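Trainee: I'm passing along run.cif; it holds mmCIF, C-alpha atoms.
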data_final
#
loop_
_atom_site.label_atom_id
_atom_site.label_comp_id
_atom_site.auth_asym_id
_atom_site.auth_seq_id
_atom_site.Cartn_x
_atom_site.Cartn_y
_atom_site.Cartn_z
CA MET P 29 160.67 -87.76 162.35
CA HIS P 30 157.68 -90.08 162.64
CA PHE P 31 157.69 -93.20 164.85
CA HIS P 32 155.01 -95.86 164.40
CA ILE P 33 154.69 -98.66 166.97
CA LEU P 34 152.83 -101.89 166.20
CA THR P 35 151.93 -103.35 169.58
CA LEU P 36 149.36 -105.18 171.69
CA PHE P 37 149.82 -102.60 174.46
CA PRO P 38 149.61 -99.07 173.00
CA ASP P 39 148.87 -97.45 176.36
CA MET P 40 152.04 -98.90 177.84
CA VAL P 41 154.34 -97.32 175.27
CA MET P 42 152.52 -94.02 174.89
CA GLU P 43 152.29 -93.36 178.62
CA GLY P 44 156.04 -93.77 178.89
CA LEU P 45 156.97 -91.81 175.78
CA ASN P 46 154.60 -88.91 176.48
CA THR P 47 156.86 -87.78 179.33
CA SER P 48 160.21 -86.01 179.64
CA ILE P 49 162.25 -85.21 176.52
CA THR P 50 160.25 -87.32 174.07
CA GLY P 51 156.98 -85.88 175.35
CA ARG P 52 158.27 -82.34 174.95
CA ALA P 53 159.61 -83.15 171.48
CA MET P 54 156.17 -84.40 170.42
CA LYS P 55 154.49 -81.31 171.83
CA ASN P 56 156.91 -79.07 169.95
CA GLY P 57 156.45 -80.97 166.69
CA HIS P 58 160.01 -82.27 166.34
CA ILE P 59 158.84 -85.90 166.34
CA SER P 60 155.55 -87.77 166.24
CA ILE P 61 154.85 -91.10 167.91
CA GLU P 62 151.78 -93.20 167.21
CA ALA P 63 150.94 -96.62 168.59
CA THR P 64 148.75 -98.94 166.52
CA ASN P 65 146.95 -101.70 168.40
CA ILE P 66 147.41 -104.98 166.53
CA ARG P 67 144.26 -106.31 168.21
CA ASP P 68 142.21 -103.81 166.21
CA PHE P 69 142.96 -106.00 163.18
CA ALA P 70 142.17 -109.33 164.81
CA GLY P 71 139.14 -109.97 162.62
CA ASN P 72 137.18 -111.62 165.45
CA LYS P 73 134.93 -110.27 168.20
CA HIS P 74 137.21 -111.52 170.97
CA GLY P 75 140.33 -109.74 169.68
CA HIS P 76 142.39 -112.92 169.58
CA VAL P 77 145.64 -112.48 167.66
CA ASP P 78 147.51 -115.60 168.77
CA ASP P 79 147.28 -119.37 168.35
CA TYR P 80 149.14 -122.55 169.24
CA PRO P 81 152.44 -123.15 167.40
CA TYR P 82 152.57 -125.77 164.67
CA GLY P 83 154.79 -128.65 165.74
CA GLY P 84 153.90 -128.22 169.38
CA GLY P 85 155.70 -126.40 172.15
CA ALA P 86 154.92 -124.10 175.03
CA GLY P 87 153.21 -120.76 174.68
CA MET P 88 151.34 -119.03 171.87
CA VAL P 89 152.44 -117.39 168.62
CA MET P 90 151.09 -114.15 167.18
CA GLN P 91 149.23 -114.79 163.92
CA PRO P 92 150.48 -113.23 160.68
CA GLY P 93 147.17 -111.71 159.50
CA PRO P 94 146.62 -109.08 162.22
CA VAL P 95 150.28 -108.05 162.12
CA TYR P 96 150.23 -107.69 158.34
CA ASP P 97 146.97 -105.72 158.35
CA ALA P 98 148.25 -103.40 161.09
CA TYR P 99 151.40 -102.82 159.04
CA GLN P 100 149.35 -102.11 155.91
CA HIS P 101 147.25 -99.60 157.86
CA VAL P 102 150.33 -97.72 159.05
CA LYS P 103 151.90 -97.85 155.60
CA GLU P 104 148.75 -96.39 154.07
CA GLN P 105 148.85 -93.55 156.59
CA ILE P 106 152.49 -92.85 155.74
CA ASN P 107 151.78 -92.87 152.02
CA LYS P 108 148.77 -90.65 152.49
CA ARG P 109 150.85 -88.12 154.39
CA LYS P 110 153.51 -88.23 151.67
CA GLY P 111 150.97 -88.17 148.85
CA ILE P 112 152.25 -91.43 147.38
CA ASP P 113 150.01 -93.34 144.99
CA LYS P 114 150.40 -96.95 146.12
CA LYS P 115 150.90 -99.20 143.11
CA GLU P 116 150.37 -102.29 145.25
CA GLU P 117 146.94 -101.21 146.54
CA ALA P 118 145.07 -103.67 144.34
CA CYS P 119 146.93 -106.59 145.86
CA SER P 120 147.14 -105.35 149.47
CA LYS P 121 144.80 -108.14 150.58
CA ASN P 122 146.57 -110.84 148.61
CA ILE P 123 149.74 -111.72 150.47
CA GLU P 124 151.25 -114.00 147.85
CA GLN P 125 150.67 -111.50 145.07
CA PHE P 126 152.12 -108.75 147.24
CA VAL P 127 155.32 -110.73 147.67
CA GLU P 128 155.61 -111.32 143.93
CA ASN P 129 154.81 -107.72 142.98
CA LYS P 130 156.65 -105.57 145.53
CA THR P 131 156.99 -101.97 144.50
CA ASP P 132 160.24 -100.05 144.65
CA GLU P 133 162.00 -101.07 147.91
CA LYS P 134 162.91 -97.44 148.52
CA LYS P 135 159.22 -96.65 149.04
CA ARG P 136 158.82 -99.29 151.73
CA PRO P 137 159.00 -97.93 155.26
CA ARG P 138 161.76 -99.23 157.49
CA VAL P 139 160.34 -101.82 159.87
CA VAL P 140 162.34 -102.75 162.95
CA TYR P 141 161.35 -105.95 164.75
CA MET P 142 162.41 -105.97 168.38
CA THR P 143 163.74 -109.47 169.06
CA PRO P 144 166.54 -111.03 171.14
CA GLN P 145 167.67 -112.67 167.90
CA GLY P 146 168.45 -109.28 166.35
CA LYS P 147 171.62 -107.26 166.11
CA VAL P 148 172.42 -105.57 169.40
CA PHE P 149 171.35 -101.94 169.32
CA ASN P 150 174.06 -99.31 169.77
CA GLN P 151 174.70 -95.61 169.23
CA SER P 152 175.89 -96.10 165.68
CA ILE P 153 172.61 -97.80 164.74
CA ALA P 154 170.68 -95.04 166.52
CA GLU P 155 172.45 -92.44 164.39
CA LYS P 156 171.57 -94.29 161.18
CA LEU P 157 167.92 -94.73 162.16
CA SER P 158 167.64 -91.03 163.05
CA LYS P 159 168.05 -90.23 159.35
CA GLU P 160 164.75 -91.96 158.52
CA GLU P 161 161.61 -89.92 157.98
CA ASP P 162 159.39 -92.80 159.14
CA LEU P 163 160.30 -95.72 161.36
CA ILE P 164 157.97 -98.59 162.21
CA LEU P 165 158.76 -100.62 165.33
CA LEU P 166 157.14 -104.03 165.61
CA CYS P 167 156.65 -105.43 169.12
CA GLY P 168 156.21 -109.16 169.51
CA HIS P 169 154.70 -110.96 172.47
CA TYR P 170 154.08 -114.49 173.72
CA GLU P 171 156.54 -116.81 171.94
CA GLY P 172 156.98 -114.43 169.03
CA ILE P 173 155.37 -113.73 165.66
CA ASP P 174 154.65 -116.08 162.75
CA GLU P 175 157.82 -116.13 160.65
CA ARG P 176 156.01 -115.62 157.35
CA VAL P 177 154.86 -112.09 158.07
CA LEU P 178 158.28 -111.20 159.49
CA GLU P 179 159.86 -112.22 156.20
CA MET P 180 157.40 -110.03 154.33
CA ILE P 181 157.57 -106.74 156.21
CA VAL P 182 160.64 -106.58 158.48
CA THR P 183 163.75 -104.76 157.27
CA ASP P 184 165.80 -104.84 160.51
CA ASN P 185 165.97 -107.14 163.55
CA LEU P 186 167.17 -105.39 166.69
CA SER P 187 167.85 -106.45 170.27
CA ILE P 188 168.67 -104.26 173.26
CA GLY P 189 170.69 -107.00 174.93
CA ASP P 190 171.22 -110.69 175.47
CA TYR P 191 168.22 -111.36 177.68
CA VAL P 192 164.54 -112.12 177.16
CA LEU P 193 161.66 -109.78 178.01
CA THR P 194 157.93 -110.44 177.98
CA GLY P 195 157.44 -108.29 174.89
CA GLY P 196 158.99 -105.80 172.51
CA GLU P 197 157.43 -102.70 174.03
CA LEU P 198 160.25 -101.76 176.40
CA PRO P 199 162.93 -102.33 173.73
CA ALA P 200 160.91 -100.21 171.27
CA MET P 201 160.76 -97.41 173.83
CA VAL P 202 164.52 -97.64 174.34
CA VAL P 203 165.14 -97.35 170.60
CA ILE P 204 162.77 -94.40 170.22
CA ASP P 205 164.36 -92.59 173.17
CA ALA P 206 167.88 -93.09 171.80
CA VAL P 207 166.98 -92.20 168.22
CA SER P 208 164.73 -89.22 168.95
CA ARG P 209 167.40 -87.36 170.93
CA LEU P 210 169.47 -87.31 167.73
CA VAL P 211 166.71 -85.58 165.76
CA PRO P 212 167.45 -81.84 165.36
CA GLY P 213 165.55 -79.73 167.86
CA VAL P 214 164.70 -82.53 170.29
CA LEU P 215 167.40 -81.64 172.81
CA ASN P 216 167.61 -78.13 174.22
CA ASN P 217 171.31 -78.17 173.38
CA ASP P 218 171.82 -80.10 170.14
CA VAL P 219 175.59 -80.10 170.69
CA SER P 220 175.17 -82.38 173.71
CA ALA P 221 174.05 -85.26 171.48
CA GLU P 222 177.39 -85.13 169.69
CA PHE P 223 179.68 -85.16 172.70
CA GLU P 224 178.14 -87.51 175.23
CA THR P 225 178.68 -91.17 176.08
CA PHE P 226 179.84 -93.38 173.17
CA HIS P 227 181.08 -90.44 171.07
CA ASP P 228 184.22 -91.82 169.34
CA ASN P 229 183.58 -95.06 171.28
CA LEU P 230 184.49 -93.34 174.55
CA LEU P 231 182.44 -93.07 177.72
CA GLU P 232 181.49 -89.61 178.87
CA TYR P 233 183.71 -87.72 181.30
CA PRO P 234 182.48 -87.09 184.90
CA GLN P 235 180.10 -84.16 185.38
CA TYR P 236 179.89 -81.69 188.27
CA THR P 237 177.58 -78.85 189.33
CA ARG P 238 177.04 -76.58 192.34
CA PRO P 239 178.00 -76.54 195.15
CA GLU P 240 181.76 -76.41 194.58
CA GLU P 241 182.28 -78.54 197.68
CA PHE P 242 180.00 -81.36 198.84
CA MET P 243 180.68 -83.33 202.02
CA GLY P 244 184.37 -82.56 201.75
CA LYS P 245 184.63 -83.43 198.05
CA LYS P 246 185.62 -80.55 195.75
CA VAL P 247 185.02 -79.96 192.06
CA PRO P 248 188.28 -80.47 190.10
CA GLU P 249 190.14 -77.14 189.91
CA VAL P 250 190.51 -77.33 186.13
CA LEU P 251 186.73 -77.03 185.70
CA LEU P 252 186.75 -73.79 187.70
CA SER P 253 189.67 -72.30 185.79
CA GLY P 254 187.72 -71.00 182.79
CA HIS P 255 190.55 -72.27 180.55
CA HIS P 256 188.58 -74.06 177.83
CA LYS P 257 191.54 -75.78 176.20
CA ASN P 258 192.68 -77.27 179.53
CA ILE P 259 189.12 -78.28 180.37
CA GLU P 260 188.70 -80.12 177.05
CA ALA P 261 192.04 -81.88 177.53
CA TRP P 262 191.03 -82.96 181.05
CA ARG P 263 187.68 -84.23 179.83
CA LYS P 264 189.32 -86.26 177.07
CA GLU P 265 191.74 -87.79 179.58
CA GLN P 266 188.86 -88.69 181.89
CA SER P 267 186.85 -90.24 179.02
CA ILE P 268 189.81 -92.41 178.03
CA ALA P 269 190.50 -93.46 181.64
CA ARG P 270 186.85 -94.35 182.26
CA THR P 271 186.55 -96.30 179.02
CA LYS P 272 189.70 -98.30 179.81
CA GLU P 273 188.40 -99.11 183.30
CA TYR P 274 184.69 -99.72 182.69
CA ARG P 275 184.49 -100.76 179.04
CA PRO P 276 187.79 -102.19 177.78
CA ASP P 277 185.87 -103.61 174.81
CA LEU P 278 185.00 -100.09 173.68
CA TRP P 279 188.58 -98.92 174.23
CA GLU P 280 189.86 -101.67 171.96
CA LYS P 281 187.31 -100.64 169.34
CA ALA P 282 188.37 -97.00 169.62
CA LEU P 283 192.01 -97.94 169.16
CA LYS P 284 191.19 -100.12 166.15
CA GLU P 285 189.25 -97.34 164.45
CA ASP P 286 192.12 -94.90 165.04
CA VAL P 287 194.48 -97.34 163.34
CA ASP P 288 192.09 -97.90 160.44
CA GLU P 289 191.79 -94.18 159.85
#
Will you turn the file into structure tokens for me?

Mentor:
Amino acid sequence: MHFHILTLFPDMVMEGLNTSITGRAMKNGHISIEATNIRDFAGNKHGHVDDYPYGGGAGMVMQPGPVYDAYQHVKEQINKRKGIDKKEEACSKNIEQFVENKTDEKKRPRVVYMTPQGKVFNQSIAEKLSKEEDLILLCGHYEGIDERVLEMIVTDNLSIGDYVLTGGELPAMVVIDAVSRLVPGVLNNDVSAEFETFHDNLLEYPQYTRPEEFMGKKVPEVLLSGHHKNIEAWRKEQSIARTKEYRPDLWEKALKEDVDE
């Protein structure tokens, strides 16, 4: 799977994603992550990509041109890798004509704009996004991005929670981390992605490792029994109990889905 990040701070996202599981997955070729600096498409020697908002108000707004050109650059790279002959190439510099003459929507890459106005990201969305071959994540900054270019290129609006951050870089990293671990080969044990927190809308059961006793606290006997059926039953009971206690909203959702099925 290929992740493409449109950002003003490429070093920020790449330094974080080049470590741990995502870093190892890139090294092993299971995923690729590239960050495109929107400033490279500023069109001016100072690299300015923002301006004052029409109608007044605090802060600055990212201009549509650099964002659109950065998107076009990434899209061209995707098409080149896939060997696609872009029918819209002749009008790539004419925004109005591009809108009127869009090619087959299925050939457009999926573009996720990280915004607090988007749908709240969850495991179900992560699973759907993990099926994509290419995923572009657009990171806003300042007071946001000119609405016109968002209407032209964005396919999904996502939020990681009901709070405001200084930019979309951290949310983009969260999405990539959650999605990439669902890509085959990324985790050492692919089964773990199927049976961890949020599987069937349940929180994960408690985990234990050596030593068997720590400061007077012992590992539950059932986990030492070697009886796999009993262990699975215990884990399911613990998942249900934890979900009821910590996330009653998820428990209600789990019950509803059981009824619907």

Trainee: How many Å lie between CA of Ile112 in chain P and CA of Glu160 in chain P, rounded to one decimal?

Mentor: 16.8 Å

Trainee: Quick check, in Å to one decimal: how far apart do CA of Asp162 in chain P and CA of Phe69 in chain P lie?

Mentor: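 Those two atoms sit 21.5 Å apart.
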
Trainee: Which residues come within 12 Å of Ala200 in chain P, counting all atoms listed in the file, excluding same-chain residues fewer than 3 positions away, as an NGL selection string?

Mentor: :P and (31-35 or 37-38 or 40-42 or 44-45 or 61 or 63 or 139-143 or 149 or 163-168 or 185-188 or 193 or 195-197 or 203-208)

Trainee: Keeping only C-alpha atoms, take the residues you just selected and write them out as a short mmCIF file (atom, residue, chain, number, x, y, z; two decimals), in the frame of the given file.

Mentor:
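Generated file (result08.cif):
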data_model
loop_
_atom_site.label_atom_id
_atom_site.label_comp_id
_atom_site.auth_asym_id
_atom_site.auth_seq_id
_atom_site.Cartn_x
_atom_site.Cartn_y
_atom_site.Cartn_z
CA PHE P 31 157.69 -93.20 164.85
CA HIS P 32 155.01 -95.86 164.40
CA ILE P 33 154.69 -98.66 166.97
CA LEU P 34 152.83 -101.89 166.20
CA THR P 35 151.93 -103.35 169.58
CA PHE P 37 149.82 -102.60 174.46
CA PRO P 38 149.61 -99.07 173.00
CA MET P 40 152.04 -98.90 177.84
CA VAL P 41 154.34 -97.32 175.27
CA MET P 42 152.52 -94.02 174.89
CA GLY P 44 156.04 -93.77 178.89
CA LEU P 45 156.97 -91.81 175.78
CA ILE P 61 154.85 -91.10 167.91
CA ALA P 63 150.94 -96.62 168.59
CA VAL P 139 160.34 -101.82 159.87
CA VAL P 140 162.34 -102.75 162.95
CA TYR P 141 161.35 -105.95 164.75
CA MET P 142 162.41 -105.97 168.38
CA THR P 143 163.74 -109.47 169.06
CA PHE P 149 171.35 -101.94 169.32
CA LEU P 163 160.30 -95.72 161.36
CA ILE P 164 157.97 -98.59 162.21
CA LEU P 165 158.76 -100.62 165.33
CA LEU P 166 157.14 -104.03 165.61
CA CYS P 167 156.65 -105.43 169.12
CA GLY P 168 156.21 -109.16 169.51
CA ASN P 185 165.97 -107.14 163.55
CA LEU P 186 167.17 -105.39 166.69
CA SER P 187 167.85 -106.45 170.27
CA ILE P 188 168.67 -104.26 173.26
CA LEU P 193 161.66 -109.78 178.01
CA GLY P 195 157.44 -108.29 174.89
CA GLY P 196 158.99 -105.80 172.51
CA GLU P 197 157.43 -102.70 174.03
CA VAL P 203 165.14 -97.35 170.60
CA ILE P 204 162.77 -94.40 170.22
CA ASP P 205 164.36 -92.59 173.17
CA ALA P 206 167.88 -93.09 171.80
CA VAL P 207 166.98 -92.20 168.22
CA SER P 208 164.73 -89.22 168.95
#

Trainee: Spell out the residues picked by the PyMOL selection byres ((chain P and resi 270-278) around 10) here, as a ChimeraX atom specification.

Mentor: /P:225-226,228-234,264-269,279-284

Trainee: If you measure from CA of Tyr236 in chain P to CA of Leu215 in chain P, what distance in Å do you get, rounded to one decimal?

Mentor: 19.9 Å

Trainee: I'd like the neighbourhood of Pro94 in chain P as a ChimeraX atom specification, where a residue qualifies if any of its atoms comes within 8 Å (using all atoms listed in the file), though same-chain residues fewer than 5 positions away should be ignored.

Mentor: /P:66-71,77

Trainee: Using only C-alpha atoms, which of P:Gln235, P:Asn72, P:Ser152, P:Ser158 sits nearest Ile259 in chain P?

Mentor: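 Closest residue, counting only C-alpha atoms: P:Gln235.
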
Trainee: Env of range 82-85 of chain P: 12 Å cut, atoms = only C-alpha atoms, seq-sep filter 6 positions within chain, self excluded. Answer as a ChimeraX atom specification.

Mentor: /P:91,171,174-175

Trainee: Kindly indicate which residue among P:Asp286, P:Asn107, P:His30, P:Met243 lies nearest to Lys159 in chain P, using all atoms listed in the file for the distances.

Mentor: P:His30
